[in-house]
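K.L.:
Sharing coords-v6.pdb (PDB, C-alpha atoms) below.
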```
MODEL        1
ATOM      1  CA  MET A   1     -36.492  30.813  11.930
ATOM      2  CA  VAL A   2     -38.206  27.649  10.903
ATOM      3  CA  PHE A   3     -36.224  24.630  12.008
ATOM      4  CA  THR A   4     -38.028  21.369  11.504
ATOM      5  CA  TRP A   5     -37.066  17.927  12.729
ATOM      6  CA  LEU A   6     -36.204  16.962   9.193
ATOM      7  CA  GLN A   7     -33.620  19.716   8.982
ATOM      8  CA  ALA A   8     -32.265  18.721  12.400
ATOM      9  CA  ALA A   9     -31.939  15.131  11.195
ATOM     10  CA  ILE A  10     -30.108  16.233   8.039
ATOM     11  CA  LEU A  11     -27.733  18.331  10.136
ATOM     12  CA  LEU A  12     -27.174  15.448  12.533
ATOM     13  CA  PHE A  13     -26.387  13.044   9.701
ATOM     14  CA  PHE A  14     -24.093  15.631   8.155
ATOM     15  CA  LEU A  15     -22.231  15.959  11.452
ATOM     16  CA  GLY A  16     -22.123  12.176  11.791
ATOM     17  CA  GLY A  17     -20.649  11.881   8.318
ATOM     18  CA  ILE A  18     -17.953  14.429   9.072
ATOM     19  CA  LEU A  19     -17.089  12.681  12.342
ATOM     20  CA  PHE A  20     -17.039   9.304  10.614
ATOM     21  CA  ALA A  21     -14.552  10.584   8.063
ATOM     22  CA  ALA A  22     -12.419  12.859  10.225
ATOM     23  CA  GLY A  23     -12.580  10.925  13.488
ATOM     24  CA  PRO A  24     -10.102   8.171  12.592
ATOM     25  CA  LEU A  25      -7.685  10.692  11.072
ATOM     26  CA  VAL A  26      -7.760  12.955  14.128
ATOM     27  CA  GLY A  27      -7.653   9.920  16.408
ATOM     28  CA  SER A  28      -4.518   8.535  14.800
ATOM     29  CA  LEU A  29      -2.991  12.028  14.850
ATOM     30  CA  LEU A  30      -3.517  12.310  18.598
ATOM     31  CA  LEU A  31      -3.220   8.751  19.849
ATOM     32  CA  ALA A  32      -0.583   7.080  17.722
ATOM     33  CA  PRO A  33       3.166   7.386  18.124
ATOM     34  CA  LYS A  34       4.886   8.591  14.966
ATOM     35  CA  ALA A  35       7.596   6.663  13.202
ATOM     36  CA  HIS A  36       9.723   8.587  10.758
ATOM     37  CA  GLY A  37      13.060   8.436   9.035
ATOM     38  CA  GLY A  38      14.460   5.827   6.717
ATOM     39  CA  ALA A  39      12.224   4.844   3.849
ATOM     40  CA  MET A  40       9.075   6.273   5.444
ATOM     41  CA  GLY A  41       9.073   9.220   3.044
ATOM     42  CA  GLU A  42       9.649   7.133  -0.085
ATOM     43  CA  SER A  43       6.904   7.162  -2.692
ATOM     44  CA  TYR A  44       7.175   3.479  -3.436
ATOM     45  CA  GLU A  45       7.079   0.507  -1.147
ATOM     46  CA  CYS A  46       9.170  -1.812  -3.290
ATOM     47  CA  GLY A  47      11.345  -1.899  -6.347
ATOM     48  CA  VAL A  48      14.674  -0.274  -6.972
ATOM     49  CA  PRO A  49      15.407   2.926  -5.067
ATOM     50  CA  THR A  50      14.268   6.000  -6.936
ATOM     51  CA  HIS A  51      16.917   8.447  -8.073
ATOM     52  CA  GLY A  52      16.728  11.971  -9.377
ATOM     53  CA  ASN A  53      13.635  14.107  -8.971
ATOM     54  CA  SER A  54      10.486  14.131 -11.028
ATOM     55  CA  TRP A  55      10.791  17.754 -12.222
ATOM     56  CA  ILE A  56      12.536  16.852 -15.441
ATOM     57  CA  LYS A  57      11.652  17.196 -19.132
ATOM     58  CA  PHE A  58       9.574  14.333 -20.472
ATOM     59  CA  GLY A  59       9.187  13.307 -24.093
ATOM     60  CA  ILE A  60       5.653  14.252 -25.159
ATOM     61  CA  ASN A  61       5.278  11.609 -27.861
ATOM     62  CA  TYR A  62       2.480   9.858 -26.041
ATOM     63  CA  TYR A  63       0.687  13.151 -25.680
ATOM     64  CA  PHE A  64       0.393  13.238 -29.443
ATOM     65  CA  TYR A  65      -0.903   9.698 -29.572
ATOM     66  CA  ALA A  66      -3.495  10.668 -26.989
ATOM     67  CA  LEU A  67      -4.574  13.657 -29.064
ATOM     68  CA  ILE A  68      -4.804  11.582 -32.248
ATOM     69  CA  PHE A  69      -6.833   9.036 -30.337
ATOM     70  CA  LEU A  70      -9.119  11.838 -29.231
ATOM     71  CA  ALA A  71      -9.461  13.233 -32.730
ATOM     72  CA  PHE A  72     -10.459   9.934 -34.316
ATOM     73  CA  GLU A  73     -12.015   7.976 -31.485
ATOM     74  CA  VAL A  74     -14.229  10.762 -30.167
ATOM     75  CA  ASP A  75     -15.249  11.410 -33.719
ATOM     76  CA  ILE A  76     -16.560   7.869 -34.047
ATOM     77  CA  LEU A  77     -17.911   7.747 -30.517
ATOM     78  CA  TYR A  78     -20.163  10.760 -30.959
ATOM     79  CA  LEU A  79     -21.264   9.751 -34.408
ATOM     80  CA  PHE A  80     -22.886   6.567 -33.087
ATOM     81  CA  PRO A  81     -25.770   8.434 -31.412
ATOM     82  CA  VAL A  82     -26.089  10.574 -34.504
ATOM     83  CA  ALA A  83     -26.332   7.472 -36.645
ATOM     84  CA  ALA A  84     -28.946   6.057 -34.294
ATOM     85  CA  ALA A  85     -30.960   9.276 -34.405
ATOM     86  CA  TYR A  86     -30.761   9.578 -38.196
ATOM     87  CA  ALA A  87     -33.070   6.615 -38.594
ATOM     88  CA  SER A  88     -35.799   9.224 -38.486
ATOM     89  CA  PRO A  89     -35.386  12.469 -40.518
ATOM     90  CA  GLN A  90     -33.867  15.320 -38.507
ATOM     91  CA  GLY A  91     -33.847  18.266 -40.864
ATOM     92  CA  LEU A  92     -31.158  20.443 -42.369
ATOM     93  CA  ALA A  93     -30.226  22.374 -39.216
ATOM     94  CA  THR A  94     -29.083  19.189 -37.492
ATOM     95  CA  THR A  95     -26.947  18.241 -40.450
ATOM     96  CA  PHE A  96     -25.295  21.644 -40.301
ATOM     97  CA  LYS A  97     -24.525  21.200 -36.564
ATOM     98  CA  LEU A  98     -23.072  17.785 -37.277
ATOM     99  CA  LEU A  99     -20.856  19.246 -39.985
ATOM    100  CA  VAL A 100     -19.589  21.904 -37.561
ATOM    101  CA  PHE A 101     -18.689  19.183 -35.085
ATOM    102  CA  LEU A 102     -16.891  17.193 -37.762
ATOM    103  CA  ALA A 103     -15.098  20.310 -38.991
ATOM    104  CA  VAL A 104     -13.717  21.046 -35.528
ATOM    105  CA  LEU A 105     -12.375  17.531 -35.191
ATOM    106  CA  ALA A 106     -11.090  17.576 -38.756
ATOM    107  CA  ALA A 107      -9.210  20.768 -37.906
ATOM    108  CA  ALA A 108      -7.356  18.799 -35.240
ATOM    109  CA  VAL A 109      -6.455  16.139 -37.777
ATOM    110  CA  VAL A 110      -5.278  18.761 -40.239
ATOM    111  CA  TYR A 111      -3.203  20.327 -37.466
ATOM    112  CA  PHE A 112      -1.471  17.030 -36.754
ATOM    113  CA  MET A 113      -0.926  16.433 -40.443
ATOM    114  CA  ARG A 114       0.764  19.844 -40.725
ATOM    115  CA  LYS A 115       2.909  18.994 -37.704
ATOM    116  CA  GLY A 116       4.030  15.821 -39.414
ATOM    117  CA  VAL A 117       2.596  13.433 -36.881
ATOM    118  CA  PHE A 118       1.261  11.054 -39.526
ATOM    119  CA  THR A 119       4.687  10.379 -40.952
ATOM    120  CA  TRP A 120       5.317   8.359 -37.769
ATOM    121  CA  PRO A 121       8.871   9.478 -37.095
ATOM    122  CA  ARG A 122      10.821   7.885 -34.255
ATOM    123  CA  LYS A 123      10.681  11.139 -32.377
ATOM    124  CA  ILE A 124       8.179  13.884 -33.013
ATOM    125  CA  GLN A 125       9.826  17.280 -33.081
ATOM    126  CA  VAL A 126       7.437  20.121 -32.559
ATOM    127  CA  SER A 127       9.231  23.162 -33.860
ATOM    128  CA  PRO A 128       7.857  26.524 -32.818
ATOM    129  CA  ARG A 129       6.075  28.543 -35.443
ATOM    130  CA  PRO A 130       8.556  30.534 -37.572
TER     131      PRO A 130
ATOM    132  CA  MET B   1      32.770  -8.191  17.291
ATOM    133  CA  ALA B   2      32.775  -7.014  13.709
ATOM    134  CA  PRO B   3      29.477  -5.868  12.189
ATOM    135  CA  GLN B   4      27.660  -8.873  10.820
ATOM    136  CA  ASN B   5      26.286  -7.328   7.680
ATOM    137  CA  PRO B   6      28.862  -4.799   6.542
ATOM    138  CA  SER B   7      27.037  -3.810   3.361
ATOM    139  CA  LEU B   8      23.573  -3.490   4.932
ATOM    140  CA  ALA B   9      22.343  -0.684   7.150
ATOM    141  CA  PRO B  10      20.008  -1.698   9.959
ATOM    142  CA  ALA B  11      16.555  -0.162   9.906
ATOM    143  CA  VAL B  12      16.000   3.396  11.096
ATOM    144  CA  ASN B  13      13.651   3.131  14.038
ATOM    145  CA  THR B  14      12.927   6.637  15.292
ATOM    146  CA  VAL B  15       9.528   6.867  16.939
ATOM    147  CA  ASP B  16       8.075   9.996  18.499
ATOM    148  CA  PRO B  17       5.658   9.420  21.376
ATOM    149  CA  ALA B  18       1.974  10.061  20.852
ATOM    150  CA  LEU B  19       0.518  13.518  21.485
ATOM    151  CA  ILE B  20      -1.850  12.086  24.061
ATOM    152  CA  ALA B  21       0.550   9.804  25.896
ATOM    153  CA  GLN B  22      -1.306   9.431  29.196
ATOM    154  CA  PRO B  23      -0.961   5.813  30.352
ATOM    155  CA  ALA B  24      -4.690   5.471  30.992
ATOM    156  CA  VAL B  25      -5.526   6.451  27.403
ATOM    157  CA  GLN B  26      -2.710   4.491  25.839
ATOM    158  CA  LYS B  27      -3.604   1.384  27.835
ATOM    159  CA  LEU B  28      -7.103   1.442  26.415
ATOM    160  CA  VAL B  29      -5.815   2.070  22.899
ATOM    161  CA  ASP B  30      -3.275  -0.708  23.316
ATOM    162  CA  VAL B  31      -6.068  -3.189  23.988
ATOM    163  CA  CYS B  32      -7.756  -2.022  20.794
ATOM    164  CA  ARG B  33      -4.477  -2.405  18.901
ATOM    165  CA  ALA B  34      -3.819  -5.857  20.296
ATOM    166  CA  MET B  35      -7.269  -7.084  19.339
ATOM    167  CA  SER B  36      -6.980  -5.906  15.733
ATOM    168  CA  ILE B  37      -3.421  -6.534  14.635
ATOM    169  CA  TRP B  38      -2.966  -6.119  10.906
ATOM    170  CA  PRO B  39      -0.088  -8.310   9.719
ATOM    171  CA  MET B  40       1.707  -7.691   6.465
ATOM    172  CA  THR B  41       1.244 -10.148   3.585
ATOM    173  CA  PHE B  42       4.877 -10.907   3.302
ATOM    174  CA  GLY B  43       6.580 -14.287   3.094
ATOM    175  CA  LEU B  44      10.132 -15.152   2.214
ATOM    176  CA  ALA B  45      10.269 -18.934   2.314
ATOM    177  CA  CYS B  46       8.425 -22.045   3.447
ATOM    178  CA  CYS B  47       7.390 -20.522   6.802
ATOM    179  CA  ALA B  48       5.039 -18.386   4.734
ATOM    180  CA  ILE B  49       3.111 -21.558   3.878
ATOM    181  CA  GLU B  50       2.424 -22.007   7.579
ATOM    182  CA  MET B  51       1.431 -18.355   7.725
ATOM    183  CA  MET B  52      -1.091 -19.005   4.944
ATOM    184  CA  ALA B  53      -2.401 -21.998   6.858
ATOM    185  CA  VAL B  54      -2.894 -19.778   9.886
ATOM    186  CA  GLY B  55      -5.021 -17.438   7.822
ATOM    187  CA  MET B  56      -7.236 -20.248   6.526
ATOM    188  CA  ALA B  57     -10.267 -21.808   8.157
ATOM    189  CA  ARG B  58      -8.647 -24.589  10.166
ATOM    190  CA  PHE B  59      -6.361 -22.480  12.339
ATOM    191  CA  ASP B  60      -8.146 -19.233  11.614
ATOM    192  CA  ILE B  61      -6.135 -16.343  12.983
ATOM    193  CA  ALA B  62      -9.337 -14.304  12.614
ATOM    194  CA  ARG B  63     -10.424 -15.725  15.956
ATOM    195  CA  TYR B  64      -7.789 -13.505  17.545
ATOM    196  CA  GLY B  65      -8.463 -10.424  15.447
ATOM    197  CA  ALA B  66      -5.413 -10.580  13.197
ATOM    198  CA  GLU B  67      -6.875 -11.795   9.929
ATOM    199  CA  VAL B  68      -6.567  -8.560   7.960
ATOM    200  CA  PHE B  69      -3.374  -9.293   6.061
ATOM    201  CA  ARG B  70      -2.480  -6.020   4.368
ATOM    202  CA  PRO B  71      -0.513  -5.850   1.129
ATOM    203  CA  SER B  72       1.065  -2.529   2.094
ATOM    204  CA  PRO B  73       3.464  -1.774   4.945
ATOM    205  CA  ARG B  74       1.767   1.584   5.448
ATOM    206  CA  GLN B  75      -1.340  -0.164   6.681
ATOM    207  CA  SER B  76       0.171  -2.948   8.754
ATOM    208  CA  ASP B  77       1.481  -3.006  12.292
ATOM    209  CA  LEU B  78       2.877  -6.528  12.479
ATOM    210  CA  MET B  79       5.634  -7.792  10.247
ATOM    211  CA  ILE B  80       5.881 -11.574  10.237
ATOM    212  CA  VAL B  81       9.344 -12.317   8.880
ATOM    213  CA  ALA B  82       8.402 -15.744   7.571
ATOM    214  CA  GLY B  83      11.462 -17.417   6.197
ATOM    215  CA  THR B  84      15.062 -17.067   5.166
ATOM    216  CA  VAL B  85      16.335 -13.511   4.876
ATOM    217  CA  ASN B  86      19.162 -13.480   2.390
ATOM    218  CA  LYS B  87      21.334 -10.552   1.527
ATOM    219  CA  LYS B  88      19.491  -9.860  -1.687
ATOM    220  CA  MET B  89      16.176  -9.589   0.134
ATOM    221  CA  ALA B  90      17.385  -7.846   3.287
ATOM    222  CA  PRO B  91      17.240  -4.274   1.924
ATOM    223  CA  ALA B  92      13.602  -4.852   0.974
ATOM    224  CA  VAL B  93      12.832  -6.191   4.452
ATOM    225  CA  VAL B  94      14.472  -3.151   6.043
ATOM    226  CA  ARG B  95      12.613  -0.841   3.701
ATOM    227  CA  LEU B  96       9.274  -2.445   4.477
ATOM    228  CA  TYR B  97       9.965  -2.197   8.189
ATOM    229  CA  GLU B  98      10.846   1.477   7.895
ATOM    230  CA  GLN B  99       7.615   2.179   6.063
ATOM    231  CA  MET B 100       5.366   0.658   8.693
ATOM    232  CA  PRO B 101       3.605   3.163  10.949
ATOM    233  CA  ALA B 102       4.247   3.093  14.670
ATOM    234  CA  PRO B 103       3.532   1.188  16.858
ATOM    235  CA  ARG B 104       5.069  -1.601  14.798
ATOM    236  CA  TYR B 105       5.914  -5.109  15.833
ATOM    237  CA  VAL B 106       8.070  -7.794  14.275
ATOM    238  CA  MET B 107       7.731 -11.531  14.648
ATOM    239  CA  ALA B 108      10.697 -13.621  13.543
ATOM    240  CA  LEU B 109       8.992 -16.792  12.350
ATOM    241  CA  GLY B 110      11.135 -19.880  12.059
ATOM    242  CA  ASN B 111      14.758 -20.690  12.643
ATOM    243  CA  CYS B 112      16.009 -18.944   9.516
ATOM    244  CA  ALA B 113      14.617 -15.598  10.569
ATOM    245  CA  ILE B 114      15.782 -16.074  14.158
ATOM    246  CA  SER B 115      19.376 -17.068  13.581
ATOM    247  CA  GLY B 116      19.922 -18.251  10.042
ATOM    248  CA  GLY B 117      18.738 -21.711  11.073
ATOM    249  CA  PRO B 118      20.167 -24.455   8.866
ATOM    250  CA  PHE B 119      22.087 -21.778   6.993
ATOM    251  CA  ASN B 120      23.931 -20.707  10.131
ATOM    252  CA  ILE B 121      27.275 -22.121   9.032
ATOM    253  CA  GLU B 122      30.805 -20.897   8.897
ATOM    254  CA  ASN B 123      31.678 -18.583   6.025
ATOM    255  CA  GLN B 124      28.032 -18.049   5.188
ATOM    256  CA  TYR B 125      28.026 -15.559   2.365
ATOM    257  CA  ASN B 126      24.365 -15.141   1.574
ATOM    258  CA  VAL B 127      21.943 -15.611   4.449
ATOM    259  CA  ILE B 128      21.446 -13.023   7.186
ATOM    260  CA  GLN B 129      22.273 -14.682  10.490
ATOM    261  CA  GLY B 130      19.157 -13.567  12.295
ATOM    262  CA  VAL B 131      16.857 -10.812  11.141
ATOM    263  CA  ASP B 132      17.354  -9.067  14.491
ATOM    264  CA  THR B 133      20.716  -7.869  13.201
ATOM    265  CA  LEU B 134      18.724  -5.601  10.872
ATOM    266  CA  ILE B 135      15.366  -4.822  12.465
ATOM    267  CA  PRO B 136      14.242  -4.963  16.104
ATOM    268  CA  VAL B 137      12.381  -8.224  16.716
ATOM    269  CA  ASP B 138       9.670  -8.499  19.377
ATOM    270  CA  VAL B 139       8.823 -12.184  19.334
ATOM    271  CA  TYR B 140      10.820 -15.183  18.195
ATOM    272  CA  VAL B 141       8.847 -18.238  17.088
ATOM    273  CA  PRO B 142      11.182 -21.211  16.681
ATOM    274  CA  GLY B 143      10.538 -24.169  14.414
ATOM    275  CA  CYS B 144      11.484 -25.324  10.958
ATOM    276  CA  PRO B 145       8.878 -24.355  10.026
ATOM    277  CA  PRO B 146       6.869 -23.591  13.166
ATOM    278  CA  ARG B 147       3.441 -25.144  13.360
ATOM    279  CA  PRO B 148       0.518 -22.752  12.881
ATOM    280  CA  GLU B 149      -0.250 -23.108  16.591
ATOM    281  CA  ALA B 150       3.227 -21.756  17.284
ATOM    282  CA  LEU B 151       2.484 -18.725  15.132
ATOM    283  CA  LEU B 152      -0.718 -18.196  17.099
ATOM    284  CA  GLU B 153       1.304 -18.420  20.325
ATOM    285  CA  GLY B 154       3.644 -15.817  18.898
ATOM    286  CA  LEU B 155       0.655 -13.596  18.197
ATOM    287  CA  PHE B 156      -0.496 -14.074  21.789
ATOM    288  CA  ALA B 157       2.956 -13.124  22.989
ATOM    289  CA  ILE B 158       2.810  -9.931  20.951
ATOM    290  CA  GLN B 159      -0.621  -9.171  22.364
ATOM    291  CA  GLN B 160       0.812  -9.777  25.824
ATOM    292  CA  LYS B 161       3.670  -7.453  25.041
ATOM    293  CA  MET B 162       1.253  -4.764  23.900
ATOM    294  CA  THR B 163      -1.219  -4.976  26.752
ATOM    295  CA  GLY B 164       0.654  -6.615  29.611
ATOM    296  CA  ARG B 165      -1.639  -9.615  29.967
ATOM    297  CA  ARG B 166      -2.393 -12.875  28.199
ATOM    298  CA  TRP B 167      -5.825 -12.826  26.625
ATOM    299  CA  TRP B 168      -6.398 -16.449  25.664
ATOM    300  CA  GLN B 169      -6.431 -19.602  27.693
ATOM    301  CA  VAL B 170      -3.331 -21.753  27.787
ATOM    302  CA  PRO B 171      -3.866 -24.899  25.728
ATOM    303  CA  GLN B 172      -4.033 -28.162  27.660
ATOM    304  CA  GLY B 173      -0.581 -29.532  28.323
ATOM    305  CA  GLY B 174       0.970 -26.164  27.509
ATOM    306  CA  GLN B 175       3.031 -23.910  29.693
ATOM    307  CA  SER B 176       1.769 -20.534  30.751
TER     308      SER B 176
ENDMDL
END
```
Translate this structure into structure tokens?
P.N.:
Amino acid sequence: MVFTWLQAAILLFFLGGILFAAGPLVGSLLLAPKAHGGAMGESYECGVPTHGNSWIKFGINYYFYALIFLAFEVDILYLFPVAAAYASPQGLATTFKLLVFLAVLAAAVVYFMRKGVFTWPRKIQVSPRP
Amino acid sequence: MAPQNPSLAPAVNTVDPALIAQPAVQKLVDVCRAMSIWPMTFGLACCAIEMMAVGMARFDIARYGAEVFRPSPRQSDLMIVAGTVNKKMAPAVVRLYEQMPAPRYVMALGNCAISGGPFNIENQYNVIQGVDTLIPVDVYVPGCPPRPEALLEGLFAIQQKMTGRRWWQVPQGGQS
């Protein structure tokens, strides 16, 4: 087995990195007394006391806004490089690829339109498919 | 004597000993702890102004290793109760104390935190008469507000409590 000094050095630095990261954690685990009880297990350090648990149903309105953002914003975002590249002629194949990309994103917009997202109701009701 | 703060629960202070609790090891670690105390950035009233002065260049608590004021109780081991603890604020103080990791130390800075100070009057309805009714206090620093030197002395006292010896020379004219 060939084992050069370079490989030894890499191994040593790797070990050093692991010790540097894990050493303080293990050290505090072994050397420090442990306080517990009271607010130690609380998620937050200030503010009003939390009540209820987090496994509840959330409204997904903002999820729709995020998806609309994706549909329009990503559209524009990825068309900027295309616009920059189209200064020089690219050929028909590239145009076809671009149209496929636009069609996929347009499908998302059509989907939201069918779901009634663009009527901006106070609460979006997503009814399951009949 | 009736409980002083009927609506407030004192802090839960259960601490398990370390896994490696040999005195020789812990003594060494205690010196390391004492030389790098991390206080909590936490002020309640005008004493906090003195605490800020202590952190600045003129008094410079960094000379004694305690300049890393942490904004989170989970990272700090010294709570400087700087100022008046009123009943509205007391639950937050207790909560912060409970969230500090062990070993944790508390300095009651100023008369208000020690005993209520000027607010220690009959039929007081709002100010906690001494923060030690809620959380265990290690060092009391009197003054209204205490001078920054007094806060430094309090830090030295905490270091002495941690390690069993005084690390810094006694200032001229001072008492040992």
K.L.:
For this file, the PyMOL selection byres ((chain B) within 10 of (chain A)) selects which residues, as a PyMOL selection string?
P.N.:
chain B and resi 10-22+25-26+29-30+72-74+91-104
K.L.:
For CA of Pro89 in chain A and CA of Leu102 in chain A, determine how far apart the two atoms are, in Å to one decimal place.
P.N.:
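Between CA of Pro89 in chain A and CA of Leu102 in chain A the gap works out to 19.3 Å.
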K.L.:
Enclose the full set of atoms of range 116-120 of chain A listed in the file within a box whose edges lie along x, y and z, apply 5 Å of padding to each of the six sides, and report centre and edge lengths in Å to one decimal as JSON.
P.N.:
```
{"center_x": 3.3, "center_y": 12.1, "center_z": -38.9, "size_x": 14.1, "size_y": 17.5, "size_z": 14.1}
```
K.L.:
Skipping near chain neighbours, those fewer than 4 positions away, what residues fall within 10 Å of Leu109 in chain B using only C-alpha atoms, listed as a PyMOL selection string?
P.N.:
chain B and resi 43+47-48+50-51+79-84+113-114+131+139-146+150-151+154
K.L.:
Of the candidates A:Phe58, A:Ile68, A:Ile76, A:Thr4, which one gets nearest to Met113 in chain A if we count all atoms listed in the file?
P.N.:
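Closest to Met113 in chain A of all the choices is A:Ile68.
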K.L.:
Which value, in Å to one decimal, gives the distance between CA of Gly110 in chain B and CA of Ile49 in chain B?
P.N.:
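Those two atoms sit 11.6 Å apart.
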K.L.:
In Å to one decimal, how far is CA of Tyr78 in chain A from CA of Gln90 in chain A?
P.N.:
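Between CA of Gln90 in chain A and CA of Tyr78 in chain A the gap is 16.3 Å.
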K.L.:
For each of B:Phe69, B:Lys161, B:Gly116, B:Glu149, take the minimum atom-to-atom distance to Lys27 in chain B, counting all atoms listed in the file, then give the residue where this is smallest.
P.N.:
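Smallest separation from Lys27 in chain B among the options: B:Lys161.
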K.L.:
Could you list, as a list in words, every residue matched by the PyMOL selection byres ((chain B and resi 105) around 8) in this structure?
P.N.:
Asp77, Leu78, Met79, Pro103, Arg104, Val106, Met107, Val137, Asp138 and Ile158 of chain B
K.L.:
Neighbouring residues of Leu79 in chain A were defined as those with any atom within 12 Å, considering only C-alpha atoms; residues of the same chain fewer than 5 positions away were excluded. Please report them as a ChimeraX atom specification.
P.N.:
/A:72-74,84-86,95,98-99,101-102,105
K.L.:
For the structure provided, state which residues fall under the PyMOL selection byres ((chain B and resi 87) around 6), and present them as a list in words.
P.N.:
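Given this file, the PyMOL selection byres ((chain B and resi 87) around 6) evaluates to Asn86, Lys88, Met89, Ala90, Asn126 and Val127 of chain B.
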K.L.:
Please determine, counting only C-alpha atoms, which residue among B:Val170, B:Ala9, B:Ala62, B:Cys112 has the shortest atom-to-atom distance to Trp38 in chain B.
P.N.:
B:Ala62
K.L.:
Which residue gives the smallest distance to Thr41 in chain B among B:Ser76, B:Phe59, B:Ser7, B:Leu28, with all atoms listed in the file counted?
P.N.:
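With all atoms listed in the file as the atom set, the closest residue is B:Ser76.
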